[in-house]
file final_34.pdb (PDB, C-alpha atoms)
ATOM      1  CA  MET A 251      25.451 -28.383  29.738  1.00  0.00           C
ATOM      2  CA  LEU A 252      21.871 -29.554  30.176  1.00  0.00           C
ATOM      3  CA  ARG A 253      21.164 -26.408  32.158  1.00  0.00           C
ATOM      4  CA  LEU A 254      22.392 -24.226  29.252  1.00  0.00           C
ATOM      5  CA  PHE A 255      20.258 -26.194  26.793  1.00  0.00           C
ATOM      6  CA  LEU A 256      17.134 -25.769  28.945  1.00  0.00           C
ATOM      7  CA  LEU A 257      17.847 -22.074  29.469  1.00  0.00           C
ATOM      8  CA  GLY A 258      18.345 -21.600  25.715  1.00  0.00           C
ATOM      9  CA  SER A 259      15.115 -23.454  24.957  1.00  0.00           C
ATOM     10  CA  LEU A 260      13.163 -21.355  27.444  1.00  0.00           C
ATOM     11  CA  LEU A 261      14.646 -18.141  26.076  1.00  0.00           C
ATOM     12  CA  SER A 262      13.837 -19.167  22.486  1.00  0.00           C
ATOM     13  CA  GLY A 263      10.263 -19.985  23.428  1.00  0.00           C
ATOM     14  CA  PHE A 264       9.906 -16.679  25.252  1.00  0.00           C
ATOM     15  CA  LEU A 265      11.232 -14.713  22.267  1.00  0.00           C
ATOM     16  CA  LEU A 266       8.809 -16.475  19.925  1.00  0.00           C
ATOM     17  CA  LEU A 267       5.907 -15.649  22.222  1.00  0.00           C
ATOM     18  CA  CYS A 268       7.031 -12.021  22.354  1.00  0.00           C
ATOM     19  CA  GLY A 269       7.048 -11.697  18.602  1.00  0.00           C
ATOM     20  CA  CYS A 270      10.624 -12.279  17.540  1.00  0.00           C
ATOM     21  CA  GLY A 271       9.695 -15.056  15.136  1.00  0.00           C
ATOM     22  CA  THR A 272       7.720 -15.459  11.939  1.00  0.00           C
ATOM     23  CA  PHE A 273       4.444 -15.681  13.823  1.00  0.00           C
ATOM     24  CA  GLY A 274       4.827 -12.645  16.086  1.00  0.00           C
ATOM     25  CA  PRO A 275       2.180 -10.384  17.601  1.00  0.00           C
ATOM     26  CA  PHE A 276       1.026  -9.121  14.194  1.00  0.00           C
ATOM     27  CA  PHE A 277       0.255 -12.597  12.829  1.00  0.00           C
ATOM     28  CA  TYR A 278      -3.324 -13.547  12.078  1.00  0.00           C
ATOM     29  CA  PRO A 279      -4.203 -16.875  10.443  1.00  0.00           C
ATOM     30  CA  ALA A 280      -7.022 -14.912   8.812  1.00  0.00           C
ATOM     31  CA  LEU A 281      -7.566 -11.230   8.231  1.00  0.00           C
ATOM     32  CA  PRO A 282      -8.424  -9.360  11.434  1.00  0.00           C
ATOM     33  CA  ASP A 283     -12.198  -9.007  11.855  1.00  0.00           C
ATOM     34  CA  LYS A 284     -12.260  -5.238  11.294  1.00  0.00           C
ATOM     35  CA  VAL A 285     -10.198  -5.600   8.081  1.00  0.00           C
ATOM     36  CA  LEU A 286     -12.303  -8.504   6.836  1.00  0.00           C
ATOM     37  CA  ARG A 287     -15.475  -6.505   7.530  1.00  0.00           C
ATOM     38  CA  CYS A 288     -14.049  -3.565   5.576  1.00  0.00           C
ATOM     39  CA  LEU A 289     -13.030  -5.878   2.709  1.00  0.00           C
ATOM     40  CA  ARG A 290     -16.571  -7.238   2.525  1.00  0.00           C
ATOM     41  CA  GLU A 291     -18.398  -3.943   3.174  1.00  0.00           C
ATOM     42  CA  HIS A 292     -16.090  -1.460   1.456  1.00  0.00           C
ATOM     43  CA  GLN A 293     -17.257   1.757  -0.145  1.00  0.00           C
ATOM     44  CA  GLU A 294     -14.024   2.504  -1.988  1.00  0.00           C
ATOM     45  CA  MET A 295     -11.398   0.182  -3.422  1.00  0.00           C
ATOM     46  CA  THR A 296      -8.136   0.826  -5.267  1.00  0.00           C
ATOM     47  CA  LEU A 297      -5.908  -1.919  -6.661  1.00  0.00           C
ATOM     48  CA  TYR A 298      -2.198  -1.158  -7.164  1.00  0.00           C
ATOM     49  CA  SER A 299       0.520  -2.726  -9.284  1.00  0.00           C
ATOM     50  CA  LEU A 300       3.759  -2.430  -7.304  1.00  0.00           C
ATOM     51  CA  ASP A 301       7.426  -2.693  -8.194  1.00  0.00           C
ATOM     52  CA  PRO A 302       8.891  -5.038  -5.568  1.00  0.00           C
ATOM     53  CA  THR A 303      12.514  -4.212  -6.377  1.00  0.00           C
ATOM     54  CA  LEU A 304      12.415  -0.562  -5.371  1.00  0.00           C
ATOM     55  CA  ARG A 305      11.725  -0.362  -1.661  1.00  0.00           C
ATOM     56  CA  ALA A 306      14.132   2.453  -0.915  1.00  0.00           C
ATOM     57  CA  GLU A 307      13.295   4.962   1.774  1.00  0.00           C
ATOM     58  CA  ASP A 308      14.096   7.841  -0.560  1.00  0.00           C
ATOM     59  CA  PRO A 309      11.943   7.591  -3.725  1.00  0.00           C
ATOM     60  CA  ALA A 310      12.782   9.231  -7.007  1.00  0.00           C
ATOM     61  CA  ALA A 311      11.348  12.714  -7.414  1.00  0.00           C
ATOM     62  CA  GLY A 312       7.676  12.528  -8.260  1.00  0.00           C
ATOM     63  CA  ALA A 313       7.410   8.752  -7.775  1.00  0.00           C
ATOM     64  CA  LYS A 314       4.146   7.544  -6.315  1.00  0.00           C
ATOM     65  CA  ARG A 315       4.591   5.237  -3.342  1.00  0.00           C
ATOM     66  CA  PHE A 316       2.456   2.671  -1.567  1.00  0.00           C
ATOM     67  CA  HIS A 317       4.132   1.687   1.704  1.00  0.00           C
ATOM     68  CA  GLN A 318       7.715   1.943   0.428  1.00  0.00           C
ATOM     69  CA  CYS A 319       6.949   0.388  -2.965  1.00  0.00           C
ATOM     70  CA  ASP A 320       6.952   2.296  -6.230  1.00  0.00           C
ATOM     71  CA  VAL A 321       3.515   2.300  -7.828  1.00  0.00           C
ATOM     72  CA  LEU A 322       3.525   1.159 -11.454  1.00  0.00           C
ATOM     73  CA  GLY A 323      -0.166   1.904 -11.802  1.00  0.00           C
ATOM     74  CA  ALA A 324      -3.442   1.910  -9.915  1.00  0.00           C
ATOM     75  CA  VAL A 325      -7.114   1.621 -10.693  1.00  0.00           C
ATOM     76  CA  ASN A 326      -9.979   2.902  -8.590  1.00  0.00           C
ATOM     77  CA  ILE A 327     -12.563   0.128  -8.836  1.00  0.00           C
ATOM     78  CA  THR A 328     -16.083   1.511  -9.086  1.00  0.00           C
ATOM     79  CA  SER A 329     -17.985  -1.488 -10.439  1.00  0.00           C
ATOM     80  CA  PRO A 330     -19.729  -3.405  -7.612  1.00  0.00           C
ATOM     81  CA  GLU A 331     -19.175  -6.701  -9.461  1.00  0.00           C
ATOM     82  CA  THR A 332     -15.455  -6.059  -9.877  1.00  0.00           C
ATOM     83  CA  ARG A 333     -15.139  -4.983  -6.239  1.00  0.00           C
ATOM     84  CA  ARG A 334     -16.799  -8.235  -5.154  1.00  0.00           C
ATOM     85  CA  PHE A 335     -14.466 -10.197  -7.462  1.00  0.00           C
ATOM     86  CA  VAL A 336     -11.312  -8.593  -6.007  1.00  0.00           C
ATOM     87  CA  ALA A 337     -12.574  -8.914  -2.419  1.00  0.00           C
ATOM     88  CA  HIS A 338     -13.522 -12.549  -3.031  1.00  0.00           C
ATOM     89  CA  THR A 339     -10.099 -13.274  -4.598  1.00  0.00           C
ATOM     90  CA  ILE A 340      -8.262 -11.937  -1.525  1.00  0.00           C
ATOM     91  CA  ASP A 341     -10.708 -13.429   0.980  1.00  0.00           C
ATOM     92  CA  ASP A 342     -10.447 -16.898  -0.627  1.00  0.00           C
ATOM     93  CA  ALA A 343      -6.644 -16.727  -0.870  1.00  0.00           C
ATOM     94  CA  VAL A 344      -6.381 -15.951   2.854  1.00  0.00           C
ATOM     95  CA  ALA A 345      -8.968 -18.585   3.821  1.00  0.00           C
ATOM     96  CA  SER A 346      -7.167 -21.262   1.792  1.00  0.00           C
ATOM     97  CA  TRP A 347      -3.738 -20.707   3.381  1.00  0.00           C
ATOM     98  CA  ASP A 348      -2.699 -24.097   4.762  1.00  0.00           C
ATOM     99  CA  GLY A 349      -0.510 -22.847   7.599  1.00  0.00           C
ATOM    100  CA  HIS A 350       2.789 -23.970   6.103  1.00  0.00           C
ATOM    101  CA  PRO A 351       5.672 -21.559   6.609  1.00  0.00           C
ATOM    102  CA  CYS A 352       6.414 -19.431   3.600  1.00  0.00           C
ATOM    103  CA  ASN A 353       9.472 -17.810   2.072  1.00  0.00           C
ATOM    104  CA  ASN A 354      10.762 -14.723   3.787  1.00  0.00           C
ATOM    105  CA  CYS A 355      11.245 -12.689   0.617  1.00  0.00           C
ATOM    106  CA  PHE A 356       8.403 -10.145   0.756  1.00  0.00           C
ATOM    107  CA  HIS A 357       8.475  -8.760  -2.789  1.00  0.00           C
ATOM    108  CA  PRO A 358       4.956  -7.311  -2.964  1.00  0.00           C
ATOM    109  CA  ARG A 359       3.559  -6.842  -6.457  1.00  0.00           C
ATOM    110  CA  HIS A 360       0.018  -5.904  -5.437  1.00  0.00           C
ATOM    111  CA  GLY A 361      -1.545  -3.429  -3.083  1.00  0.00           C
ATOM    112  CA  LEU A 362      -5.167  -2.923  -2.137  1.00  0.00           C
ATOM    113  CA  ARG A 363      -6.686   0.085  -0.386  1.00  0.00           C
ATOM    114  CA  ILE A 364     -10.165  -0.467   1.017  1.00  0.00           C
ATOM    115  CA  SER A 365     -12.339   2.040   2.834  1.00  0.00           C
ATOM    116  CA  ASN A 366     -15.712   2.073   4.506  1.00  0.00           C
ATOM    117  CA  GLU A 367     -17.405   4.688   6.688  1.00  0.00           C
ATOM    118  CA  ARG A 368     -15.307   3.609   9.696  1.00  0.00           C
ATOM    119  CA  ALA A 369     -11.765   3.079   8.420  1.00  0.00           C
ATOM    120  CA  THR A 370      -9.259   2.749   5.582  1.00  0.00           C
ATOM    121  CA  TYR A 371      -6.861  -0.188   5.340  1.00  0.00           C
ATOM    122  CA  ASP A 372      -3.972  -0.903   3.002  1.00  0.00           C
ATOM    123  CA  LEU A 373      -3.015  -4.472   2.148  1.00  0.00           C
ATOM    124  CA  VAL A 374       0.503  -4.923   0.741  1.00  0.00           C
ATOM    125  CA  ILE A 375       0.444  -8.349  -0.906  1.00  0.00           C
ATOM    126  CA  CYS A 376       3.225 -10.767  -1.862  1.00  0.00           C
ATOM    127  CA  PHE A 377       1.938 -13.944  -3.494  1.00  0.00           C
ATOM    128  CA  GLU A 378       5.536 -15.177  -3.809  1.00  0.00           C
ATOM    129  CA  CYS A 379       6.042 -15.535  -0.054  1.00  0.00           C
ATOM    130  CA  GLN A 380       2.317 -15.740   0.691  1.00  0.00           C
ATOM    131  CA  ARG A 381       2.268 -12.755   3.047  1.00  0.00           C
ATOM    132  CA  ILE A 382       0.101  -9.669   3.485  1.00  0.00           C
ATOM    133  CA  GLU A 383       1.126  -6.658   5.546  1.00  0.00           C
ATOM    134  CA  ILE A 384      -1.898  -4.696   6.738  1.00  0.00           C
ATOM    135  CA  TYR A 385      -1.755  -0.982   7.496  1.00  0.00           C
ATOM    136  CA  SER A 386      -4.057   1.614   8.954  1.00  0.00           C
ATOM    137  CA  GLY A 387      -2.590   4.901   7.813  1.00  0.00           C
ATOM    138  CA  ARG A 388       1.189   4.533   8.112  1.00  0.00           C
ATOM    139  CA  ARG A 389       0.970   2.109  11.025  1.00  0.00           C
ATOM    140  CA  ARG A 390       1.337  -1.609  10.373  1.00  0.00           C
ATOM    141  CA  ILE A 391      -1.420  -3.243  12.383  1.00  0.00           C
ATOM    142  CA  ALA A 392      -1.293  -6.885  11.300  1.00  0.00           C
ATOM    143  CA  GLU A 393       0.223  -9.508   9.081  1.00  0.00           C
ATOM    144  CA  SER A 394      -1.627 -12.373   7.482  1.00  0.00           C
ATOM    145  CA  TYR A 395      -0.925 -15.095   4.968  1.00  0.00           C
ATOM    146  CA  LEU A 396      -2.487 -16.328   1.759  1.00  0.00           C
ATOM    147  CA  THR A 397      -2.053 -18.911  -0.943  1.00  0.00           C
ATOM    148  CA  GLY A 398      -3.073 -19.026  -4.543  1.00  0.00           C
ATOM    149  CA  SER A 399      -2.221 -17.209  -7.696  1.00  0.00           C
ATOM    150  CA  PRO A 400      -1.871 -13.527  -8.524  1.00  0.00           C
ATOM    151  CA  VAL A 401      -3.203 -14.210 -12.047  1.00  0.00           C
ATOM    152  CA  PRO A 402      -6.786 -12.971 -11.434  1.00  0.00           C
ATOM    153  CA  LEU A 403      -5.483  -9.646 -10.107  1.00  0.00           C
ATOM    154  CA  ASP A 404      -2.826  -9.441 -12.831  1.00  0.00           C
ATOM    155  CA  ASP A 405      -5.420 -10.095 -15.544  1.00  0.00           C
ATOM    156  CA  PHE A 406      -7.675  -7.376 -14.168  1.00  0.00           C
ATOM    157  CA  LEU A 407      -4.810  -4.856 -13.983  1.00  0.00           C
ATOM    158  CA  LEU A 408      -3.674  -5.678 -17.529  1.00  0.00           C
ATOM    159  CA  GLY A 409      -7.253  -5.310 -18.756  1.00  0.00           C
ATOM    160  CA  GLU A 410      -7.274  -1.810 -17.278  1.00  0.00           C
ATOM    161  CA  GLY A 411      -4.017  -0.945 -19.049  1.00  0.00           C
ATOM    162  CA  ILE A 412      -1.916  -1.084 -15.871  1.00  0.00           C
ATOM    163  CA  ARG A 413       1.696  -2.196 -16.226  1.00  0.00           C
ATOM    164  CA  LEU A 414       2.855  -5.211 -14.191  1.00  0.00           C
ATOM    165  CA  PRO A 415       6.326  -5.649 -12.658  1.00  0.00           C
ATOM    166  CA  ARG A 416       8.808  -8.067 -14.148  1.00  0.00           C
ATOM    167  CA  ARG A 417       9.006 -11.455 -12.444  1.00  0.00           C
TER     168      ARG A 417
END
call {"tool": "encode", "arguments": {"input": "final_34.pdb", "output": "structure tokens"}}
result
Amino acid sequence: MLRLFLLGSLLSGFLLLCGCGTFGPFFYPALPDKVLRCLREHQEMTLYSLDPTLRAEDPAAGAKRFHQCDVLGAVNITSPETRRFVAHTIDDAVASWDGHPCNNCFHPRHGLRISNERATYDLVICFECQRIEIYSGRRRIAESYLTGSPVPLDDFLLGEGIRLPRR
């Protein structure tokens, strides 16, 4: 019996190290350096309002999508001050994550596309479960976590006339 327990413990530990748990190979306690650099030195930025309830693989005809989420609206942010505000909001939310496990819901209501001369990254953000999925093109390259409130981003989107999803 003890042998089975030890074998099970070793197998569980191995699976966690291989990425079969919450903190798998995509997990970063902070944004990956190249993504953080792009967030801070971006040349283009678009903020999206996403519908978290419609993540079907087959979208309605003509629906705009952002990594399997229906887009309720988007704004291309051209103002340097507003870009810094959005970047600072995300950067601070990631830096303030306390490391506590989060819910496993992943109902993203915000998306952020950032580009510089080297790359473009998409951040699919769920403040509810405190998780960010990070993409380069269609490929998910990392996952990070954040804490805080979506209110600053929501207020900006509403100010731009962008519809928010129901909570």
call {"tool": "resolve_selection", "arguments": {"input": "final_34.pdb", "expression": "the PyMOL selection byres ((chain A and resi 380-385) around 8)", "output": "PyMOL selection string"}}
result
chain A and resi 352-353+356+371-379+386-397
call {"tool": "closest_residue", "arguments": {"input": "final_34.pdb", "among": "A:Ile327, A:Ser399, A:Asn366, A:Glu410", "to": "Val285 in chain A", "atoms": "all atoms listed in the file"}}
result
A:Asn366
call {"tool": "atom_distance", "arguments": {"input": "final_34.pdb", "atom1": "CA of His357 in chain A", "atom2": "CA of Cys288 in chain A"}}
result
24.6 Å
call {"tool": "resolve_selection", "arguments": {"input": "final_34.pdb", "expression": "the PyMOL selection byres ((chain A and resi 290) around 9)", "output": "PDB file with C-alpha atoms, in the frame of the given file"}}
result
ATOM      1  CA  VAL A 285     -10.198  -5.600   8.081  1.00  0.00           C
ATOM      2  CA  LEU A 286     -12.303  -8.504   6.836  1.00  0.00           C
ATOM      3  CA  ARG A 287     -15.475  -6.505   7.530  1.00  0.00           C
ATOM      4  CA  CYS A 288     -14.049  -3.565   5.576  1.00  0.00           C
ATOM      5  CA  LEU A 289     -13.030  -5.878   2.709  1.00  0.00           C
ATOM      6  CA  GLU A 291     -18.398  -3.943   3.174  1.00  0.00           C
ATOM      7  CA  HIS A 292     -16.090  -1.460   1.456  1.00  0.00           C
ATOM      8  CA  ARG A 334     -16.799  -8.235  -5.154  1.00  0.00           C
ATOM      9  CA  ALA A 337     -12.574  -8.914  -2.419  1.00  0.00           C
ATOM     10  CA  HIS A 338     -13.522 -12.549  -3.031  1.00  0.00           C
ATOM     11  CA  ASP A 341     -10.708 -13.429   0.980  1.00  0.00           C
TER      12      ASP A 341
END
call {"tool": "resolve_selection", "arguments": {"input": "final_34.pdb", "expression": "the PyMOL selection byres ((chain A and resi 347) around 9)", "output": "PyMOL selection string"}}
result
chain A and resi 279-280+342-346+348-350+380+395-398
call {"tool": "atom_distance", "arguments": {"input": "final_34.pdb", "atom1": "CA of Ser329 in chain A", "atom2": "CA of Pro302 in chain A"}}
result
27.5 Å
call {"tool": "closest_atom_pairs", "arguments": {"input": "final_34.pdb", "of": "range 289-344 of chain A", "to": "range 403-406 of chain A", "cutoff": "12 Å", "atoms": "only C-alpha atoms", "output": "JSON lines"}}
result
{"residue": "A:Thr296", "atom": "CA", "partner": "A:Leu403", "partner_atom": "CA", "distance": 11.8}
{"residue": "A:Leu297", "atom": "CA", "partner": "A:Leu403", "partner_atom": "CA", "distance": 8.5}
{"residue": "A:Tyr298", "atom": "CA", "partner": "A:Leu403", "partner_atom": "CA", "distance": 9.6}
{"residue": "A:Ser299", "atom": "CA", "partner": "A:Asp404", "partner_atom": "CA", "distance": 8.3}
{"residue": "A:Leu300", "atom": "CA", "partner": "A:Asp404", "partner_atom": "CA", "distance": 11.1}
{"residue": "A:Gly323", "atom": "CA", "partner": "A:Asp404", "partner_atom": "CA", "distance": 11.7}
{"residue": "A:Ala324", "atom": "CA", "partner": "A:Phe406", "partner_atom": "CA", "distance": 11.1}
{"residue": "A:Val325", "atom": "CA", "partner": "A:Phe406", "partner_atom": "CA", "distance": 9.7}
{"residue": "A:Asn326", "atom": "CA", "partner": "A:Phe406", "partner_atom": "CA", "distance": 11.9}
{"residue": "A:Ile327", "atom": "CA", "partner": "A:Phe406", "partner_atom": "CA", "distance": 10.4}
{"residue": "A:Thr332", "atom": "CA", "partner": "A:Phe406", "partner_atom": "CA", "distance": 9.0}
{"residue": "A:Arg333", "atom": "CA", "partner": "A:Phe406", "partner_atom": "CA", "distance": 11.1}
{"residue": "A:Phe335", "atom": "CA", "partner": "A:Leu403", "partner_atom": "CA", "distance": 9.4}
{"residue": "A:Val336", "atom": "CA", "partner": "A:Leu403", "partner_atom": "CA", "distance": 7.2}
{"residue": "A:Ala337", "atom": "CA", "partner": "A:Leu403", "partner_atom": "CA", "distance": 10.5}
{"residue": "A:His338", "atom": "CA", "partner": "A:Leu403", "partner_atom": "CA", "distance": 11.1}
{"residue": "A:Thr339", "atom": "CA", "partner": "A:Leu403", "partner_atom": "CA", "distance": 8.1}
{"residue": "A:Ile340", "atom": "CA", "partner": "A:Leu403", "partner_atom": "CA", "distance": 9.3}
{"residue": "A:Ala343", "atom": "CA", "partner": "A:Leu403", "partner_atom": "CA", "distance": 11.7}
call {"tool": "atom_distance", "arguments": {"input": "final_34.pdb", "atom1": "CA of Gly409 in chain A", "atom2": "CA of Gln293 in chain A"}}
result
22.3 Å
call {"tool": "residues_near_point", "arguments": {"input": "final_34.pdb", "point": "(-14.6, 4.8, -3.5)", "cutoff": "7 Å", "atoms": "all atoms listed in the file", "output": "PyMOL selection string"}}
result
chain A and resi 293-295+328
